[in-house]
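Colleague: Structure file run.txt (compact mmCIF, C-alpha atoms) right here:
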```txt
# COMPACT_ATOMS: atom_id res chain seq x y z
CA MET H 29 -11.21 6.88 13.50
CA SER H 30 -11.30 10.09 15.50
CA HIS H 31 -12.85 10.84 18.86
CA PRO H 32 -14.83 14.08 18.58
CA THR H 33 -15.24 16.63 21.31
CA PRO H 34 -17.82 19.37 21.84
CA GLU H 35 -17.44 22.37 19.52
CA ALA H 36 -17.36 24.94 22.28
CA ALA H 37 -14.49 25.10 24.77
CA PRO H 38 -14.43 27.53 27.69
CA GLY H 39 -12.15 30.52 27.28
CA PRO H 40 -9.89 32.31 29.74
CA ALA H 41 -12.83 33.84 31.64
CA SER H 42 -13.53 30.44 33.22
CA TRP H 43 -10.08 30.20 34.84
CA ASP H 44 -11.21 32.07 37.93
CA GLN H 45 -13.84 29.47 38.75
CA HIS H 46 -12.98 26.73 41.24
CA PRO H 47 -15.98 24.39 41.50
CA GLU H 48 -16.05 21.72 44.18
CA PRO H 49 -15.91 18.83 43.61
CA LEU H 50 -13.77 19.12 40.50
CA ALA H 51 -15.95 18.02 37.61
CA VAL H 52 -14.06 17.02 34.47
CA ASP H 53 -15.84 19.60 32.33
CA SER H 54 -14.93 22.38 34.77
CA ALA H 55 -11.27 22.24 33.69
CA PRO H 56 -10.50 25.28 31.49
CA CYS H 57 -9.63 23.81 28.09
CA PRO H 58 -7.01 25.48 25.91
CA GLU H 59 -8.26 27.72 23.11
CA TYR H 60 -7.67 25.21 20.33
CA GLY H 61 -8.66 26.59 16.96
CA SER H 62 -8.63 30.27 17.89
CA GLY H 63 -5.90 31.12 20.37
CA SER H 64 -3.50 28.28 21.16
CA LEU H 65 0.14 27.65 20.31
CA ALA H 66 -1.00 25.23 17.62
CA ASP H 67 -2.73 28.12 15.84
CA LEU H 68 0.26 30.47 15.68
CA LEU H 69 2.38 29.24 12.77
CA PRO H 70 -0.63 28.39 10.55
CA THR H 71 -1.85 31.96 11.09
CA LEU H 72 1.52 33.43 10.12
CA ALA H 73 1.93 31.08 7.16
CA ALA H 74 -1.56 31.86 5.90
CA GLY H 75 -0.63 35.53 5.89
CA MET H 76 2.33 34.69 3.65
CA GLY H 77 0.18 32.75 1.20
CA VAL H 78 1.19 29.20 2.17
CA PRO H 79 -1.47 26.84 0.77
CA GLY H 80 -3.64 24.95 3.22
CA MET H 81 -2.95 27.25 6.18
CA THR H 82 -5.71 28.95 8.17
CA ALA H 83 -5.40 32.28 9.99
CA ALA H 84 -7.00 30.98 13.19
CA ILE H 85 -5.71 33.74 15.50
CA THR H 86 -7.77 36.43 13.85
CA GLU H 87 -6.24 39.30 15.81
CA LEU H 88 -2.89 38.98 14.00
CA ALA H 89 -2.23 41.05 10.88
CA PRO H 90 -0.22 39.44 8.05
CA ALA H 91 3.45 40.23 7.50
CA ASP H 92 5.92 39.25 4.78
CA ARG H 93 8.54 38.22 7.30
CA ASN H 94 7.67 36.51 10.57
CA CYS H 95 9.86 35.51 13.50
CA VAL H 96 8.75 33.41 16.46
CA PHE H 97 11.01 33.68 19.50
CA LEU H 98 9.97 30.97 21.96
CA ILE H 99 11.29 31.46 25.49
CA ASP H 100 10.95 28.20 27.37
CA GLY H 101 9.00 28.67 30.60
CA LEU H 102 8.01 32.35 30.20
CA GLY H 103 4.42 32.22 31.38
CA TRP H 104 2.06 35.17 31.08
CA GLU H 105 1.49 35.40 34.82
CA GLN H 106 5.19 35.18 35.69
CA LEU H 107 6.02 37.94 33.21
CA LYS H 108 3.31 40.23 34.58
CA ALA H 109 4.57 39.63 38.12
CA HIS H 110 8.10 40.88 37.35
CA PRO H 111 7.86 44.18 35.48
CA GLU H 112 11.02 45.57 37.05
CA ASP H 113 13.09 42.64 35.75
CA ALA H 114 11.72 42.79 32.20
CA PRO H 115 10.98 46.41 31.31
CA TYR H 116 11.11 45.88 27.55
CA LEU H 117 8.87 42.82 27.56
CA THR H 118 6.52 44.56 29.97
CA SER H 119 6.23 47.47 27.54
CA LEU H 120 4.88 45.00 24.97
CA LEU H 121 2.20 43.41 27.17
CA ALA H 122 -0.60 45.75 26.10
CA GLY H 123 0.00 44.78 22.48
CA SER H 124 -0.05 41.02 23.08
CA ARG H 125 -2.22 38.99 20.73
CA GLY H 126 -2.63 41.59 18.06
CA GLY H 127 -3.17 44.55 20.36
CA THR H 128 -5.84 42.95 22.54
CA GLY H 129 -3.53 42.72 25.55
CA ARG H 130 -4.48 39.06 25.96
CA PRO H 131 -2.42 35.85 26.17
CA ILE H 132 -2.86 32.66 24.22
CA THR H 133 -2.94 29.14 25.66
CA ALA H 134 -0.25 26.50 25.51
CA GLY H 135 -2.36 23.37 25.08
CA TYR H 136 -2.66 20.34 27.34
CA PRO H 137 -0.44 19.26 28.85
CA ALA H 138 1.51 22.50 29.18
CA THR H 139 4.90 20.88 28.73
CA THR H 140 7.80 21.40 26.35
CA ALA H 141 7.62 18.34 24.10
CA THR H 142 3.87 18.72 23.58
CA SER H 143 4.03 22.48 23.06
CA LEU H 144 6.95 22.42 20.62
CA ALA H 145 5.14 19.81 18.56
CA SER H 146 2.01 21.97 18.59
CA VAL H 147 4.00 25.01 17.50
CA GLY H 148 5.88 23.31 14.70
CA THR H 149 3.12 21.16 13.23
CA GLY H 150 0.27 23.60 13.79
CA LEU H 151 -1.72 20.71 15.25
CA PRO H 152 -3.11 20.04 18.74
CA PRO H 153 -1.77 17.11 20.79
CA GLY H 154 -4.57 14.74 19.82
CA ALA H 155 -3.39 15.00 16.20
CA HIS H 156 0.39 15.33 16.38
CA GLY H 157 0.56 12.58 18.99
CA LEU H 158 2.88 13.94 21.68
CA PRO H 159 0.29 14.15 24.48
CA GLY H 160 2.62 14.35 27.47
CA TYR H 161 6.10 14.33 28.92
CA ALA H 162 6.19 10.52 29.10
CA VAL H 163 3.46 8.34 27.60
CA ARG H 164 2.92 4.68 26.87
CA ASP H 165 3.92 3.38 23.46
CA PRO H 166 1.06 1.06 22.51
CA ALA H 167 3.40 -0.94 20.27
CA THR H 168 5.74 -1.90 23.11
CA GLY H 169 3.78 -1.25 26.30
CA GLU H 170 6.69 0.83 27.61
CA LEU H 171 6.82 4.46 28.68
CA MET H 172 8.33 6.73 26.02
CA ASN H 173 9.87 10.01 27.19
CA GLN H 174 8.98 12.39 24.36
CA LEU H 175 11.36 15.14 25.46
CA ARG H 176 14.44 12.91 25.63
CA TRP H 177 13.06 10.42 23.06
CA GLN H 178 13.88 7.41 25.23
CA PRO H 179 13.62 4.62 24.33
CA TRP H 180 14.30 5.54 20.73
CA THR H 181 11.25 5.31 18.48
CA ALA H 182 11.09 5.95 14.73
CA PRO H 183 10.30 9.69 14.67
CA ARG H 184 8.17 9.76 11.53
CA VAL H 185 6.14 6.80 12.71
CA TRP H 186 5.45 8.53 16.00
CA GLN H 187 4.62 11.92 14.39
CA PRO H 188 3.90 11.60 10.64
CA TYR H 189 2.73 15.10 9.77
CA PRO H 190 4.88 17.71 7.98
CA THR H 191 5.81 20.82 9.92
CA VAL H 192 4.62 24.29 8.99
CA PHE H 193 8.25 25.14 8.23
CA GLN H 194 8.40 22.36 5.65
CA LEU H 195 5.14 23.46 4.05
CA ALA H 196 6.28 27.08 4.01
CA GLU H 197 9.56 26.14 2.38
CA GLN H 198 7.71 24.16 -0.29
CA ALA H 199 5.68 27.33 -0.99
CA GLY H 200 8.81 29.39 -1.57
CA VAL H 201 9.13 30.96 1.88
CA HIS H 202 12.64 31.25 3.32
CA ALA H 203 12.46 29.08 6.47
CA ALA H 204 15.11 28.89 9.17
CA GLN H 205 15.60 27.76 12.75
CA VAL H 206 18.17 29.37 15.06
CA SER H 207 18.85 27.49 18.28
CA SER H 208 21.48 25.72 20.33
CA PRO H 209 23.63 23.34 18.28
CA ALA H 210 22.68 20.61 20.77
CA PHE H 211 19.14 20.52 19.37
CA GLN H 212 19.99 20.21 15.68
CA HIS H 213 19.75 16.43 15.34
CA THR H 214 17.34 15.47 18.12
CA PRO H 215 14.26 13.43 17.23
CA LEU H 216 12.03 16.07 18.82
CA THR H 217 13.48 18.71 16.51
CA LYS H 218 12.98 16.36 13.57
CA VAL H 219 9.28 15.73 14.23
CA ALA H 220 8.35 19.18 15.53
CA LEU H 221 10.55 21.86 13.98
CA SER H 222 12.29 20.57 10.85
CA GLY H 223 12.19 22.50 7.60
CA GLY H 224 14.53 25.12 6.20
CA ALA H 225 18.09 25.59 7.40
CA PHE H 226 19.18 25.00 11.02
CA HIS H 227 21.65 27.57 12.36
CA GLY H 228 23.25 26.45 15.62
CA ARG H 229 24.59 29.21 17.86
CA LEU H 230 25.71 28.86 21.47
CA THR H 231 24.84 32.27 22.91
CA GLY H 232 21.54 34.06 22.97
CA GLU H 233 23.12 37.16 21.49
CA GLU H 234 24.43 35.20 18.50
CA ARG H 235 21.00 33.68 17.96
CA MET H 236 19.35 37.10 17.89
CA ASP H 237 21.82 38.40 15.34
CA VAL H 238 21.53 35.33 13.10
CA ALA H 239 17.73 35.36 13.36
CA ALA H 240 17.66 38.96 12.16
CA GLY H 241 19.91 38.06 9.25
CA GLN H 242 17.74 35.10 8.29
CA LEU H 243 14.64 37.27 8.29
CA ALA H 244 16.32 39.57 5.80
CA ALA H 245 17.42 36.66 3.60
CA GLY H 246 14.05 36.30 1.86
CA ASP H 247 11.22 38.49 0.63
CA ARG H 248 9.02 36.11 2.60
CA SER H 249 10.68 34.58 5.66
CA LEU H 250 9.62 32.37 8.55
CA VAL H 251 12.24 32.16 11.30
CA TYR H 252 12.10 30.37 14.65
CA THR H 253 14.50 30.92 17.54
CA TYR H 254 14.55 29.50 21.05
CA TYR H 255 16.00 30.07 24.52
CA SER H 256 15.83 27.38 27.23
CA GLU H 257 17.75 28.66 30.24
CA LEU H 258 14.85 30.52 31.88
CA ASP H 259 12.97 27.24 32.19
CA GLY H 260 16.00 25.51 33.70
CA ALA H 261 16.35 28.21 36.34
CA GLY H 262 12.67 27.89 37.24
CA HIS H 263 12.83 24.12 37.61
CA ARG H 264 15.92 24.22 39.79
CA TYR H 265 15.41 27.35 41.87
CA GLY H 266 11.79 28.48 41.39
CA VAL H 267 10.12 31.25 39.43
CA ASP H 268 10.75 33.96 42.00
CA SER H 269 14.39 33.11 42.69
CA ASP H 270 17.28 35.46 42.06
CA THR H 271 18.57 33.06 39.43
CA TRP H 272 15.25 33.05 37.58
CA ARG H 273 15.00 36.83 37.79
CA GLY H 274 18.51 37.12 36.40
CA GLN H 275 17.57 34.93 33.45
CA LEU H 276 14.45 37.05 32.87
CA MET H 277 16.60 40.18 32.77
CA HIS H 278 18.84 38.51 30.20
CA VAL H 279 15.85 37.41 28.09
CA ASP H 280 14.50 40.95 28.18
CA ARG H 281 17.73 42.25 26.68
CA LEU H 282 17.77 39.51 24.03
CA VAL H 283 14.30 40.38 22.81
CA GLN H 284 15.18 44.05 22.59
CA ARG H 285 18.38 43.18 20.72
CA LEU H 286 16.42 41.24 18.11
CA ALA H 287 13.65 43.82 17.88
CA GLU H 288 16.15 46.58 17.11
CA GLN H 289 17.54 44.60 14.14
CA LEU H 290 14.31 43.59 12.39
CA PRO H 291 14.37 44.12 8.63
CA PRO H 292 11.42 45.93 7.00
CA ARG H 293 7.98 44.26 6.80
CA THR H 294 8.70 41.97 9.76
CA ALA H 295 6.54 40.83 12.66
CA LEU H 296 8.35 39.43 15.70
CA TYR H 297 6.28 37.30 18.08
CA VAL H 298 7.59 36.43 21.54
CA THR H 299 5.84 33.49 23.15
CA ALA H 300 6.47 30.47 25.39
CA ASP H 301 5.68 26.79 25.68
CA HIS H 302 4.24 26.97 29.21
CA GLY H 303 4.34 28.88 32.48
CA MET H 304 5.36 27.45 35.85
CA VAL H 305 4.37 27.17 39.51
CA ASP H 306 6.57 26.62 42.56
CA VAL H 307 5.43 23.74 44.76
CA PRO H 308 6.43 23.58 48.45
CA PHE H 309 8.49 20.64 49.69
CA ASP H 310 6.14 18.95 52.13
CA ASP H 311 3.85 15.94 52.18
CA GLU H 312 0.75 18.08 51.77
CA HIS H 313 1.88 19.54 48.45
CA ARG H 314 3.98 16.62 47.15
CA ILE H 315 2.08 13.35 47.11
CA ASP H 316 4.51 10.48 46.59
CA PHE H 317 3.08 7.80 44.31
CA ASP H 318 5.93 5.46 45.22
CA ALA H 319 4.95 5.62 48.89
CA ASP H 320 1.14 5.55 48.48
CA TRP H 321 -0.33 2.07 48.18
CA GLU H 322 -3.79 3.39 47.35
CA LEU H 323 -2.61 5.31 44.28
CA ARG H 324 -0.41 2.41 43.17
CA ALA H 325 -3.17 -0.21 43.35
CA GLY H 326 -4.00 -1.49 39.88
CA VAL H 327 -1.49 0.79 38.15
CA ALA H 328 0.86 -0.75 35.59
CA LEU H 329 2.65 2.45 34.50
CA LEU H 330 2.80 6.02 35.77
CA GLY H 331 3.36 8.50 32.95
CA GLY H 332 3.17 12.23 32.37
CA GLU H 333 4.68 14.46 35.04
CA GLY H 334 3.82 15.72 38.51
CA ARG H 335 1.03 18.11 37.53
CA ALA H 336 -0.24 16.24 34.46
CA ARG H 337 -0.30 12.51 35.01
CA HIS H 338 -1.10 9.70 32.59
CA VAL H 339 -2.02 6.61 34.60
CA TYR H 340 -2.05 3.23 32.83
CA ALA H 341 -3.99 0.52 34.59
CA VAL H 342 -3.40 -3.21 34.57
CA PRO H 343 -5.99 -4.95 32.36
CA GLY H 344 -9.45 -4.78 33.86
CA ALA H 345 -8.52 -2.30 36.62
CA ALA H 346 -9.12 1.04 34.86
CA ALA H 347 -12.50 1.73 36.51
CA ASP H 348 -11.14 0.95 39.98
CA VAL H 349 -8.07 3.13 39.44
CA LEU H 350 -10.27 6.00 38.31
CA THR H 351 -12.48 5.66 41.38
CA CYS H 352 -9.51 5.54 43.74
CA TRP H 353 -7.68 8.48 42.19
CA ARG H 354 -10.86 10.57 42.30
CA GLU H 355 -11.45 9.74 45.94
CA VAL H 356 -7.86 10.50 46.98
CA LEU H 357 -7.11 13.48 44.72
CA GLY H 358 -10.43 14.76 43.42
CA GLU H 359 -10.50 18.00 45.40
CA GLN H 360 -7.07 19.08 44.11
CA PHE H 361 -6.90 17.49 40.65
CA TRP H 362 -9.24 17.20 37.72
CA VAL H 363 -9.31 13.40 37.42
CA ALA H 364 -10.77 11.96 34.23
CA SER H 365 -10.95 8.70 32.37
CA ARG H 366 -9.28 8.71 28.97
CA ASP H 367 -12.62 9.04 27.19
CA GLU H 368 -13.80 11.80 29.54
CA ALA H 369 -10.64 13.83 28.96
CA ILE H 370 -10.98 13.39 25.21
CA ALA H 371 -14.68 14.32 25.23
CA ALA H 372 -13.90 17.43 27.29
CA GLY H 373 -11.42 18.55 24.62
CA TRP H 374 -8.28 18.47 26.73
CA PHE H 375 -6.13 17.24 23.83
CA GLY H 376 -7.88 19.12 21.05
CA PRO H 377 -11.00 18.77 18.87
CA THR H 378 -10.17 15.16 17.98
CA VAL H 379 -7.80 12.43 19.10
CA GLU H 380 -6.53 10.23 16.30
CA GLU H 381 -6.66 6.47 16.65
CA ARG H 382 -2.88 6.09 16.72
CA VAL H 383 -2.75 8.56 19.64
CA TYR H 384 -5.70 7.18 21.62
CA ALA H 385 -3.84 4.50 23.60
CA ARG H 386 -0.90 6.82 24.32
CA ILE H 387 -3.23 8.73 26.66
CA GLY H 388 -3.59 7.30 30.15
CA ASP H 389 -6.55 5.18 31.22
CA VAL H 390 -6.78 7.90 33.89
CA VAL H 391 -5.62 11.48 33.36
CA ALA H 392 -4.99 13.72 36.40
CA ALA H 393 -4.46 17.47 35.99
CA ALA H 394 -3.58 19.58 39.04
CA ARG H 395 -5.69 22.59 39.98
CA ASP H 396 -3.97 23.39 43.29
CA ASP H 397 -0.25 23.90 43.96
CA VAL H 398 0.36 20.17 44.33
CA LEU H 399 2.34 17.41 42.63
CA ILE H 400 2.13 13.67 42.28
CA ILE H 401 5.83 12.88 42.55
CA ALA H 402 7.50 9.49 42.25
CA SER H 403 10.54 9.71 44.48
CA GLU H 404 12.03 6.34 43.50
CA ARG H 405 11.33 6.10 39.78
CA GLU H 406 11.61 9.85 39.05
CA PRO H 407 14.14 11.24 41.53
CA LYS H 408 15.29 14.20 39.42
CA GLU H 409 11.81 15.34 38.43
CA SER H 410 10.58 14.88 41.99
CA ALA H 411 13.24 17.30 43.27
CA MET H 412 12.27 20.22 41.03
CA VAL H 413 11.08 23.46 42.65
CA GLY H 414 9.21 24.85 39.65
CA ASN H 415 6.74 22.61 37.81
CA HIS H 416 4.17 22.79 35.03
CA GLY H 417 1.85 20.72 32.89
CA SER H 418 -1.71 21.44 33.96
CA MET H 419 -4.47 23.87 32.94
CA THR H 420 -4.13 26.57 35.59
CA PRO H 421 -3.50 30.14 34.36
CA ALA H 422 0.06 30.11 35.72
CA GLU H 423 0.92 27.15 33.48
CA GLN H 424 -1.43 27.48 30.55
CA LEU H 425 -1.36 31.17 29.65
CA VAL H 426 1.58 32.34 27.52
CA PRO H 427 2.32 35.73 25.96
CA LEU H 428 2.11 36.58 22.28
CA LEU H 429 4.07 39.82 22.33
CA GLU H 430 4.52 41.61 19.03
CA VAL H 431 7.04 43.99 17.48
CA ARG H 432 6.67 45.21 13.89
CA SER H 433 9.06 46.98 11.61
```
Kindly return the structure encoded in the file as structure tokens.
Modeller:
Amino acid sequence: MSHPTPEAAPGPASWDQHPEPLAVDSAPCPEYGSGSLADLLPTLAAGMGVPGMTAAITELAPADRNCVFLIDGLGWEQLKAHPEDAPYLTSLLAGSRGGTGRPITAGYPATTATSLASVGTGLPPGAHGLPGYAVRDPATGELMNQLRWQPWTAPRVWQPYPTVFQLAEQAGVHAAQVSSPAFQHTPLTKVALSGGAFHGRLTGEERMDVAAGQLAAGDRSLVYTYYSELDGAGHRYGVDSDTWRGQLMHVDRLVQRLAEQLPPRTALYVTADHGMVDVPFDDEHRIDFDADWELRAGVALLGGEGRARHVYAVPGAAADVLTCWREVLGEQFWVASRDEAIAAGWFGPTVEERVYARIGDVVAAARDDVLIIASEREPKESAMVGNHGSMTPAEQLVPLLEVRS
């Protein structure tokens, strides 16, 4: 059983609108099916003749060799705001998304586990089943952190679909992943990015060099490489900090290093899993669930993250929790019931039955620069400067920069 959504979803033009009060259908849905992260690898694979793949991002021209370099946390708006720190990346902005100069969308929620699964499987969250940072496992009733994979859950039960890398390899495409050795055996890598050979390299420079070599290793090649430190700097220090700017400068040099080594007939795509916003440290911008009796009333589990919450009600209390959360947060968050969020297309065109109960009874997505923290149960997350997860342009829009050889 699937839960259908309307065919049409609003595009980027609607992101400037801020209706009051915040109606559920006023949230700007990701461009599933035409311009989201889930559409990228199927588009590239279709251009290489992989059966069953659809070229959904129609602006992209086929190439025999394709490389996706995913820079964790490099949002479209943050990149545009720092041209002096990223001159090479900035020079590619006009050619983003096949020369249109436009971004693509991450998907909801705009968070790493969800986005990496969307990239690797070519499916939106409602299908691949990683619909948040931490969600309830219907089989156990416990929260499952899908980034850290805690508590451990059988990966192929949680996400049963093959990755695009696996399908490409079966079709004779040379597939490879170049990343930190620490990610080689993680469950998230297994369910989202497996297929082809994994090449673990510690430094960004080594990854660029190996990625170029792997592209040249086949007449048709699909290579993925990844850099995480920009995101870490944003979480800890903020997206306009000296540390973050320093990481952006480093990323800029890495992209240029890879671009200068591309073998013939290659398309390099530079993208990201989400953007980020800095949230001030005061009670107005950081609403503490652990200290707010109204928000806690009737809530069995608090999932998601500060800007993209899944709220699981005790039996029989879902309607009351929805009413309360709307009354308290409704001018700053899009607050929806599970069925309303699904019908509005937040998680994609359909939500599969096995995924349905992983989504909160109430789903709250921030519009303003605010967080729902949980100072006692989530002390580390609650202390982060930079945050992401929701559907605002700063979080949702990501680049699709292109270099061809």
Colleague: Rank H:Leu250, H:Gly266, H:Leu243, H:Thr142 by their smallest atom-to-atom distance to Ala220 in chain H, using all atoms listed in the file, and report the top residue only.
Modeller: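 Using all atoms listed in the file, the shortest distance to Ala220 in chain H belongs to H:Thr142.
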Colleague: List every protein, DNA or RNA residue that has an atom no more than 8 Å from (7.3, 19.5, 14.2) in the file's coordinate frame, counting all atoms listed in the file, and report them as a list in words.
Modeller: Leu144, Ala145, Ser146, Val147, Gly148, Thr149, Tyr189, Pro190, Thr191, Val192, Leu216, Thr217, Lys218, Val219, Ala220, Leu221 and Ser222 of chain H
Colleague: Using only C-alpha atoms, please write the residues we just selected to a file, as a CSV table (one decimal), in the coordinates of the input.
Modeller:
```csv
chain,number,residue,atom,x,y,z
H,144,LEU,CA,7.0,22.4,20.6
H,145,ALA,CA,5.1,19.8,18.6
H,146,SER,CA,2.0,22.0,18.6
H,147,VAL,CA,4.0,25.0,17.5
H,148,GLY,CA,5.9,23.3,14.7
H,149,THR,CA,3.1,21.2,13.2
H,189,TYR,CA,2.7,15.1,9.8
H,190,PRO,CA,4.9,17.7,8.0
H,191,THR,CA,5.8,20.8,9.9
H,192,VAL,CA,4.6,24.3,9.0
H,216,LEU,CA,12.0,16.1,18.8
H,217,THR,CA,13.5,18.7,16.5
H,218,LYS,CA,13.0,16.4,13.6
H,219,VAL,CA,9.3,15.7,14.2
H,220,ALA,CA,8.4,19.2,15.5
H,221,LEU,CA,10.6,21.9,14.0
H,222,SER,CA,12.3,20.6,10.8
```
Colleague: With only C-alpha atoms as the basis for distance, which of H:Ala422, H:Ala385, H:Val279, H:Ala167 is at the shortest distance from Ile99 in chain H?
Modeller: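 Once distances to Ile99 in chain H are computed over only C-alpha atoms, the minimum belongs to H:Val279.
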Colleague: Measuring atom to atom with only C-alpha atoms, identify which of H:Asp396, H:Asp92, H:Asp247, H:Glu288 is nearest to Glu423 in chain H.
Modeller: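 Among H:Asp396, H:Asp92, H:Asp247, H:Glu288, it is H:Asp396 that comes nearest to Glu423 in chain H.
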Colleague: What separation in Å, quoted to one decimal, exists between CA of Thr351 in chain H and CA of Gly326 in chain H?
Modeller: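 According to the coordinates, CA of Thr351 in chain H and CA of Gly326 in chain H are separated by 11.2 Å.
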Colleague: List as a list in words the protein and nucleic acid residues near Val251 in chain H, meaning an atom at most 6 Å away when all atoms listed in the file are counted, but skip any in the same chain fewer than 5 places from it.
Modeller: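 Here the answer would be Cys95, Ala203, Ala204 and Gln205 of chain H.
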Colleague: Ranking H:Glu105, H:Asp348, H:Glu87, H:Asp113 by minimum distance to Ala300 in chain H and counting all atoms listed in the file, which one comes first?
Modeller: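 The shortest atom-to-atom distance to Ala300 in chain H comes from H:Glu105.
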